[in-house]
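Engineer: Contents of target38.cif (mmCIF, C-alpha atoms):
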data_my_file
loop_
_atom_site.label_atom_id
_atom_site.label_comp_id
_atom_site.auth_asym_id
_atom_site.auth_seq_id
_atom_site.Cartn_x
_atom_site.Cartn_y
_atom_site.Cartn_z
CA MET Z 1 175.99 170.07 208.04
CA ASP Z 2 174.15 167.43 206.03
CA THR Z 3 171.12 169.16 204.52
CA SER Z 4 169.32 165.86 204.12
CA THR Z 5 169.16 165.34 207.89
CA ASP Z 6 169.90 168.68 209.58
CA LEU Z 7 166.62 170.35 210.54
CA ARG Z 8 168.23 173.54 211.76
CA PRO Z 9 167.32 176.41 209.44
CA ILE Z 10 169.45 178.33 206.99
CA VAL Z 11 168.83 182.07 207.37
CA ILE Z 12 168.96 184.11 204.14
CA ALA Z 13 169.35 187.79 204.99
CA GLY Z 14 168.09 190.06 202.22
CA GLY Z 15 166.45 186.99 200.71
CA SER Z 16 163.22 188.35 199.22
CA GLY Z 17 164.66 189.19 195.79
CA PHE Z 18 165.53 187.19 192.69
CA LEU Z 19 168.66 185.54 194.07
CA GLY Z 20 167.30 184.90 197.55
CA ILE Z 21 164.10 183.27 196.33
CA SER Z 22 166.09 181.10 193.92
CA LEU Z 23 168.30 179.90 196.79
CA ALA Z 24 165.35 179.45 199.16
CA ASN Z 25 163.56 177.26 196.63
CA HIS Z 26 166.72 175.24 196.04
CA LEU Z 27 167.27 174.58 199.73
CA ALA Z 28 163.59 173.83 200.38
CA ARG Z 29 163.59 171.22 197.61
CA LEU Z 30 166.40 169.49 199.51
CA GLY Z 31 164.27 169.41 202.67
CA GLN Z 32 166.22 172.19 204.36
CA PRO Z 33 164.26 174.60 206.60
CA VAL Z 34 164.72 178.20 205.43
CA VAL Z 35 164.18 181.56 207.09
CA ILE Z 36 164.07 184.63 204.84
CA LEU Z 37 165.13 187.76 206.71
CA SER Z 38 164.01 190.85 204.81
CA ARG Z 39 162.31 194.20 205.14
CA ASN Z 40 159.27 193.10 203.16
CA VAL Z 41 157.38 189.84 202.89
CA PRO Z 42 158.38 188.03 199.66
CA ARG Z 43 155.93 188.67 196.84
CA ILE Z 44 155.37 184.94 196.37
CA ASP Z 45 154.63 182.15 198.82
CA GLY Z 46 157.04 179.29 199.38
CA ASN Z 47 158.25 176.68 201.79
CA TRP Z 48 160.02 179.11 204.09
CA THR Z 49 159.46 181.30 207.13
CA HIS Z 50 159.69 185.07 206.85
CA VAL Z 51 161.11 187.30 209.58
CA ALA Z 52 161.09 191.10 209.22
CA TRP Z 53 164.14 193.27 209.92
CA ASP Z 54 165.27 196.78 209.08
CA GLY Z 55 168.73 195.73 207.88
CA ARG Z 56 170.28 198.43 210.06
CA ARG Z 57 170.50 197.28 213.65
CA PRO Z 58 169.87 194.25 215.89
CA GLY Z 59 166.31 193.67 217.08
CA PRO Z 60 163.83 190.90 217.84
CA TRP Z 61 164.74 189.36 214.49
CA SER Z 62 168.06 188.29 216.01
CA ASN Z 63 166.30 185.30 217.57
CA CYS Z 64 165.95 183.61 214.17
CA LEU Z 65 169.74 183.18 214.11
CA GLU Z 66 169.82 181.26 217.39
CA GLY Z 67 170.76 177.66 216.63
CA ALA Z 68 170.69 178.20 212.84
CA ALA Z 69 172.85 175.90 210.72
CA GLY Z 70 174.20 178.83 208.74
CA VAL Z 71 173.50 182.31 207.44
CA VAL Z 72 173.75 183.69 203.91
CA ASN Z 73 173.85 187.47 203.62
CA LEU Z 74 172.57 188.88 200.32
CA ALA Z 75 171.41 192.24 201.68
CA GLY Z 76 172.22 195.35 199.69
CA ARG Z 77 170.51 197.91 197.50
CA THR Z 78 170.53 197.05 193.81
CA VAL Z 79 173.22 198.69 191.67
CA ASP Z 80 170.84 198.71 188.69
CA CYS Z 81 170.07 202.40 189.06
CA ILE Z 82 171.32 205.87 188.16
CA LYS Z 83 174.27 206.54 190.47
CA THR Z 84 173.05 209.74 192.09
CA PRO Z 85 174.85 210.76 195.31
CA ALA Z 86 171.85 209.49 197.31
CA HIS Z 87 171.86 206.15 195.50
CA ARG Z 88 175.61 205.75 195.97
CA ASP Z 89 175.21 206.42 199.66
CA GLU Z 90 172.43 203.84 199.98
CA ILE Z 91 174.34 201.22 197.95
CA LEU Z 92 177.24 201.47 200.40
CA ARG Z 93 175.24 201.88 203.60
CA SER Z 94 172.84 199.02 202.87
CA ARG Z 95 175.77 196.60 202.57
CA ILE Z 96 177.85 197.85 205.47
CA GLU Z 97 175.01 198.33 207.95
CA SER Z 98 173.29 194.99 207.26
CA THR Z 99 176.59 193.12 207.64
CA ARG Z 100 177.39 194.98 210.84
CA ALA Z 101 173.89 194.32 212.23
CA LEU Z 102 174.23 190.59 211.62
CA GLY Z 103 177.57 190.53 213.39
CA GLN Z 104 176.22 192.47 216.36
CA ALA Z 105 173.19 190.19 216.57
CA MET Z 106 175.29 187.03 216.55
CA ARG Z 107 177.33 188.31 219.49
CA THR Z 108 174.19 188.21 221.63
CA LEU Z 109 173.46 184.53 220.91
CA SER Z 110 174.39 181.44 222.89
CA ASP Z 111 174.38 179.26 219.76
CA PRO Z 112 175.22 181.39 216.71
CA PRO Z 113 175.45 179.92 213.20
CA PRO Z 114 178.78 178.12 212.71
CA VAL Z 115 179.14 179.36 209.12
CA TRP Z 116 178.47 182.72 207.48
CA VAL Z 117 178.37 182.97 203.68
CA GLN Z 118 178.68 186.58 202.57
CA MET Z 119 177.77 188.01 199.19
CA GLY Z 120 180.53 190.05 197.56
CA THR Z 121 181.04 191.42 194.08
CA ALA Z 122 183.34 190.51 191.20
CA HIS Z 123 183.27 194.24 190.40
CA ILE Z 124 185.88 194.54 193.15
CA TYR Z 125 188.43 193.98 190.34
CA GLY Z 126 187.23 197.04 188.45
CA ASP Z 127 186.73 197.11 184.67
CA PRO Z 128 189.98 195.99 183.04
CA ALA Z 129 189.60 195.88 179.26
CA VAL Z 130 191.31 192.55 178.55
CA SER Z 131 192.89 191.20 181.74
CA ARG Z 132 191.48 187.99 183.19
CA CYS Z 133 191.25 188.38 186.94
CA ASP Z 134 191.28 185.69 189.61
CA GLU Z 135 191.41 185.81 193.40
CA SER Z 136 195.08 186.85 193.34
CA SER Z 137 194.48 189.87 191.08
CA ALA Z 138 194.70 193.47 192.24
CA PHE Z 139 191.50 195.28 193.09
CA GLY Z 140 190.26 198.02 190.80
CA THR Z 141 189.58 201.68 191.44
CA GLY Z 142 186.37 203.66 191.44
CA PHE Z 143 183.06 203.48 193.24
CA ALA Z 144 182.15 199.79 192.75
CA PRO Z 145 185.57 198.38 193.78
CA MET Z 146 185.53 200.71 196.80
CA VAL Z 147 182.12 199.35 197.84
CA GLY Z 148 183.31 195.77 197.36
CA GLN Z 149 186.38 196.30 199.52
CA ALA Z 150 184.46 198.11 202.26
CA TRP Z 151 181.86 195.32 202.25
CA GLU Z 152 184.49 192.62 202.74
CA GLU Z 153 186.31 194.63 205.40
CA GLU Z 154 183.08 195.01 207.36
CA PHE Z 155 182.43 191.27 207.04
CA ALA Z 156 185.91 190.48 208.39
CA SER Z 157 185.15 192.67 211.43
CA ALA Z 158 181.59 191.41 211.92
CA LYS Z 159 182.30 187.68 211.66
CA LEU Z 160 182.78 185.83 214.92
CA ALA Z 161 186.32 184.69 215.64
CA ASP Z 162 185.41 180.98 215.58
CA GLN Z 163 182.89 181.25 212.73
CA ARG Z 164 183.79 179.90 209.30
CA GLY Z 165 183.38 182.71 206.81
CA VAL Z 166 183.10 182.52 203.02
CA VAL Z 167 182.88 185.52 200.67
CA LEU Z 168 181.48 184.88 197.20
CA ARG Z 169 182.61 187.59 194.77
CA THR Z 170 179.65 187.16 192.49
CA SER Z 171 179.37 188.03 188.82
CA PHE Z 172 176.19 188.43 186.71
CA VAL Z 173 173.76 185.75 187.91
CA ILE Z 174 171.43 184.63 185.13
CA GLY Z 175 168.20 182.91 186.09
CA LYS Z 176 164.46 182.66 185.74
CA ASP Z 177 161.74 184.97 187.02
CA ARG Z 178 159.87 183.10 189.75
CA GLY Z 179 157.55 185.94 190.57
CA VAL Z 180 159.98 188.41 192.15
CA GLY Z 181 161.84 189.50 189.03
CA GLY Z 182 164.45 187.86 186.86
CA GLY Z 183 167.39 190.13 187.49
CA ALA Z 184 169.22 191.90 184.67
CA LEU Z 185 168.74 188.94 182.33
CA ALA Z 186 164.98 189.60 182.16
CA ARG Z 187 165.61 193.16 180.94
CA LEU Z 188 168.23 192.03 178.42
CA ALA Z 189 165.91 189.32 177.09
CA MET Z 190 163.10 191.85 176.69
CA LEU Z 191 165.34 194.22 174.71
CA THR Z 192 166.58 191.32 172.61
CA ARG Z 193 163.03 190.26 171.73
CA TRP Z 194 162.47 193.84 170.55
CA GLY Z 195 165.43 193.48 168.18
CA LEU Z 196 167.77 195.59 170.32
CA GLY Z 197 170.09 192.80 171.44
CA GLY Z 198 173.15 193.73 169.42
CA LYS Z 199 176.63 195.01 170.13
CA ILE Z 200 176.82 197.69 172.80
CA GLY Z 201 179.66 200.15 172.50
CA SER Z 202 182.81 198.29 171.44
CA GLY Z 203 181.26 194.90 172.21
CA HIS Z 204 184.60 193.78 173.69
CA GLN Z 205 183.72 194.48 177.33
CA GLY Z 206 183.75 191.29 179.37
CA ILE Z 207 180.62 189.64 180.69
CA SER Z 208 181.36 187.32 183.57
CA TRP Z 209 178.26 185.32 184.39
CA ILE Z 210 176.97 182.30 186.33
CA HIS Z 211 173.80 180.22 185.93
CA GLU Z 212 171.55 180.30 189.00
CA ALA Z 213 171.77 176.50 189.30
CA ASP Z 214 175.54 176.72 189.75
CA MET Z 215 175.19 179.71 192.06
CA ASN Z 216 172.83 177.75 194.30
CA ARG Z 217 175.13 174.71 194.26
CA LEU Z 218 177.96 177.03 195.24
CA PHE Z 219 175.97 178.53 198.11
CA LEU Z 220 175.26 175.00 199.36
CA LYS Z 221 178.91 174.01 199.04
CA ALA Z 222 179.98 177.08 200.99
CA LEU Z 223 177.49 176.23 203.73
CA THR Z 224 178.42 172.56 204.00
CA ASP Z 225 182.07 172.17 202.97
CA SER Z 226 184.25 172.82 206.01
CA SER Z 227 187.30 173.27 203.80
CA MET Z 228 185.87 176.43 202.20
CA SER Z 229 187.03 179.65 203.82
CA GLY Z 230 187.88 183.14 202.62
CA ALA Z 231 187.10 184.79 199.29
CA TYR Z 232 186.07 182.96 196.11
CA ILE Z 233 185.07 184.26 192.70
CA ALA Z 234 181.54 183.01 191.95
CA SER Z 235 181.42 182.97 188.17
CA SER Z 236 181.48 180.59 185.24
CA PRO Z 237 185.01 179.67 184.12
CA ASN Z 238 184.19 181.02 180.66
CA PRO Z 239 183.49 184.78 180.60
CA VAL Z 240 182.73 186.14 177.15
CA PRO Z 241 182.77 189.48 175.31
CA GLN Z 242 179.47 191.35 175.33
CA VAL Z 243 178.96 190.78 171.61
CA GLU Z 244 179.23 187.00 172.09
CA PHE Z 245 176.84 187.03 175.06
CA MET Z 246 174.23 188.91 173.04
CA ARG Z 247 174.64 186.52 170.12
CA GLY Z 248 173.82 183.64 172.46
CA LEU Z 249 170.89 185.58 173.87
CA ARG Z 250 169.46 186.19 170.40
CA GLU Z 251 169.73 182.49 169.63
CA ALA Z 252 168.00 181.58 172.90
CA VAL Z 253 164.98 183.82 172.21
CA ARG Z 254 165.03 183.11 168.46
CA MET Z 255 165.48 186.70 167.38
CA PRO Z 256 167.70 186.90 164.27
CA ILE Z 257 168.12 190.69 164.43
CA GLY Z 258 170.16 192.59 166.98
CA LEU Z 259 170.58 196.28 166.31
CA PRO Z 260 173.80 197.75 167.72
CA ALA Z 261 173.90 200.60 170.21
CA PHE Z 262 176.71 203.11 169.96
CA ARG Z 263 178.28 204.44 173.13
CA TRP Z 264 176.54 207.81 172.91
CA MET Z 265 173.17 206.10 172.45
CA VAL Z 266 173.65 204.07 175.64
CA GLN Z 267 174.81 207.13 177.57
CA ILE Z 268 171.55 208.88 176.66
CA GLY Z 269 169.13 205.95 176.60
CA ALA Z 270 170.16 204.07 179.73
CA PRO Z 271 169.28 206.81 182.23
CA TRP Z 272 166.32 208.25 180.30
CA LEU Z 273 164.60 205.09 179.07
CA LEU Z 274 165.79 202.36 181.45
CA ASN Z 275 166.52 204.44 184.55
CA THR Z 276 169.91 202.81 184.99
CA ASP Z 277 173.63 203.48 184.82
CA PRO Z 278 175.09 203.31 181.27
CA GLU Z 279 178.38 201.98 182.65
CA LEU Z 280 176.65 198.72 183.54
CA ALA Z 281 176.37 198.05 179.81
CA LEU Z 282 179.48 199.83 178.52
CA LEU Z 283 182.03 198.40 180.97
CA GLY Z 284 182.76 194.87 182.09
CA ARG Z 285 185.34 192.42 183.35
CA TYR Z 286 186.64 188.92 182.76
CA VAL Z 287 186.95 186.94 186.01
CA ILE Z 288 188.01 183.32 186.47
CA PRO Z 289 186.99 181.24 189.55
CA ARG Z 290 190.52 179.95 190.11
CA ARG Z 291 189.99 178.70 193.66
CA LEU Z 292 186.85 176.77 192.74
CA LEU Z 293 188.56 175.20 189.73
CA ASN Z 294 191.55 174.22 191.85
CA ASP Z 295 189.15 172.64 194.36
CA GLY Z 296 187.52 170.62 191.59
CA PHE Z 297 184.12 172.35 191.61
CA SER Z 298 182.20 171.11 188.56
CA PHE Z 299 179.97 173.65 186.84
CA GLN Z 300 176.69 172.34 185.48
CA PHE Z 301 176.63 175.21 182.98
CA PRO Z 302 180.20 176.23 182.12
CA GLU Z 303 179.35 177.62 178.64
CA VAL Z 304 177.09 180.60 178.01
CA ASN Z 305 174.98 179.34 175.07
CA PRO Z 306 173.63 176.21 176.82
CA ALA Z 307 173.07 178.28 179.97
CA LEU Z 308 170.97 180.87 178.13
CA ALA Z 309 169.10 178.20 176.19
CA ASP Z 310 168.22 176.43 179.43
CA LEU Z 311 166.76 179.61 180.90
CA LEU Z 312 165.09 181.21 177.89
CA ALA Z 313 164.43 178.70 175.10
#
Rewrite the coordinates I just gave you, this time as structure tokens.

Structural biologist:
Amino acid sequence: MDTSTDLRPIVIAGGSGFLGISLANHLARLGQPVVILSRNVPRIDGNWTHVAWDGRRPGPWSNCLEGAAGVVNLAGRTVDCIKTPAHRDEILRSRIESTRALGQAMRTLSDPPPVWVQMGTAHIYGDPAVSRCDESSAFGTGFAPMVGQAWEEEFASAKLADQRGVVLRTSFVIGKDRGVGGGALARLAMLTRWGLGGKIGSGHQGISWIHEADMNRLFLKALTDSSMSGAYIASSPNPVPQVEFMRGLREAVRMPIGLPAFRWMVQIGAPWLLNTDPELALLGRYVIPRRLLNDGFSFQFPEVNPALADLLA
């Protein structure tokens, strides 16, 4: 597929959030027609078509996949929440059911998309303290790795036999707020501007990250490069400890002070003040995109300080 000449649309399922709107804008700038498939109309207008779905089962929305050049599935409830039993259930169900619905819908089409790019999670490797994981590494244990594995297993079952499938095990995507939220970086930048952007816990937990520009280039590569197939880690080649990431963040927003937060403070403050899971801040992982590096993928932002400066300076 040559996006400069192919007028068939790219369908972005679950595309009304931060990452989907970033990708939709990127593709639209290249002249590529885009369909955003989501429960709600995006909060901002753009050069795309919106189609409503419930993310649970096939319906009239299935028609938007007919003749599409490709589909990108980003659907899934955010993990930036307190992990109550109900939230855990929804995190898992929203990923499994949306993937299954897409697969069922494509089996009703005469001309289904030839390529399916599926969001995955780098959290599938768990939270090893110092190990650097790549695609050959063992999966972790616990809730998040279990969700990641179940998600990929459902994708393997849902994908058509002759459809090229790519899973992107994505790390922390850092990007700008274009009117639908800026992801976790927006919250971290806010706390940093308040002088709270210091060491969290030990400060040694790994932050694996990727600039939205590289993430969008990677989505496009996965859609257009016929040699790409299977699972890839979608992350910068240079993960950093949390303390180093926050130092770069303070420099980007020009805040010289960063008060530390001890483990017990995060365990109390995260759920009560930020309505989120303290483990998101206290745990982490170092992942390396070995397959992309071996394929010669060139990152526009391989280092964290220039990436943060580009987004926040």

Engineer: Would you give me, as a tab-separated table, each residue of segment 192-253 of chain Z having an atom within 10 Å of an atom of segment 25-39 of chain Z, along with its shortest atom pair and that distance in Å to one decimal, using all atoms listed in the file and sorting by chain and residue number?

Structural biologist:
residue	atom	partner	partner_atom	distance
Z:Glu212	CA	Z:His26	CA	9.9
Z:Ala213	CA	Z:His26	CA	8.5
Z:Asn216	CA	Z:His26	CA	6.8
Z:Arg217	CA	Z:His26	CA	8.6
Z:Phe219	CA	Z:Leu27	CA	9.7
Z:Leu220	CA	Z:Leu27	CA	8.0

Engineer: With 9 Å as the threshold, what does the neighbourhood of (175.2, 179.2, 187.4) contain in terms of residues, counting only C-alpha atoms? Coordinates are those of the file; answer as a list in words.

Structural biologist: Val173, Ile174, Gly175, Trp209, Ile210, His211, Glu212, Ala213, Asp214, Met215, Asn216, Arg217, Leu218, Ala234, Ser235, Ser236, Phe299, Gln300, Phe301, Pro302 and Ala307 of chain Z

Engineer: Give me, please, the distance in Å between atom CA of Arg169 of chain Z and atom CA of Ser208 of chain Z, quoted to one decimal.

Structural biologist: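 Result for atom CA of Arg169 of chain Z versus atom CA of Ser208 of chain Z: 11.3 Å, one decimal.
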
Engineer: Between Z:Val266, Z:Ala52, Z:Ala189, Z:Ile44, which is the closest to Ile12 of chain Z once you count all atoms listed in the file?

Structural biologist: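 Between Z:Val266, Z:Ala52, Z:Ala189, Z:Ile44, the residue approaching Ile12 of chain Z most closely is Z:Ala52.
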
Engineer: Atom CA of Val253 of chain Z and atom CA of Trp194 of chain Z, how far apart in Å?

Structural biologist: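 Taking atom CA of Trp194 of chain Z and atom CA of Val253 of chain Z, their separation equals 10.5 Å.
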
Engineer: Go ahead and find all residues with at least one atom no further than 9 Å from (175.2, 189.2, 168.4) in the file's coordinates, using all atoms listed in the file; report them as a PDB file with C-alpha atoms, keeping the file's coordinate frame.

Structural biologist:
ATOM      1  CA  GLY Z 197     170.090 192.800 171.440  1.00  0.00           C
ATOM      2  CA  GLY Z 198     173.150 193.730 169.420  1.00  0.00           C
ATOM      3  CA  LYS Z 199     176.630 195.010 170.130  1.00  0.00           C
ATOM      4  CA  GLN Z 242     179.470 191.350 175.330  1.00  0.00           C
ATOM      5  CA  VAL Z 243     178.960 190.780 171.610  1.00  0.00           C
ATOM      6  CA  GLU Z 244     179.230 187.000 172.090  1.00  0.00           C
ATOM      7  CA  PHE Z 245     176.840 187.030 175.060  1.00  0.00           C
ATOM      8  CA  MET Z 246     174.230 188.910 173.040  1.00  0.00           C
ATOM      9  CA  ARG Z 247     174.640 186.520 170.120  1.00  0.00           C
ATOM     10  CA  GLY Z 248     173.820 183.640 172.460  1.00  0.00           C
ATOM     11  CA  LEU Z 249     170.890 185.580 173.870  1.00  0.00           C
ATOM     12  CA  ARG Z 250     169.460 186.190 170.400  1.00  0.00           C
ATOM     13  CA  GLU Z 251     169.730 182.490 169.630  1.00  0.00           C
ATOM     14  CA  PRO Z 256     167.700 186.900 164.270  1.00  0.00           C
ATOM     15  CA  ILE Z 257     168.120 190.690 164.430  1.00  0.00           C
ATOM     16  CA  GLY Z 258     170.160 192.590 166.980  1.00  0.00           C
ATOM     17  CA  LEU Z 259     170.580 196.280 166.310  1.00  0.00           C
ATOM     18  CA  PRO Z 260     173.800 197.750 167.720  1.00  0.00           C
TER      19      PRO Z 260
END

Engineer: I'd like to know which of Z:Ala75, Z:Leu160, Z:Val117, Z:Val130 is closest to Gly103 of chain Z, using all atoms listed in the file.

Structural biologist: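 With all atoms listed in the file as the atom set, the closest residue is Z:Leu160.
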
Engineer: For Arg178 of chain Z, list every protein, DNA or RNA residue within 10 Å, evaluated using all atoms listed in the file, and leave out those in the same chain fewer than 5 positions away; present the list as a PyMOL selection string.

Structural biologist: chain Z and resi 17-18+21-22+25+43-44

Engineer: Write out as a ChimeraX atom specification the residues lying within 10 Å of segment 275-287 of chain Z, counting only C-alpha atoms and excluding same-chain residues fewer than 5 positions away.

Structural biologist: /Z:79-84,122-123,125-135,137,169-171,200-209,233-242,262-270
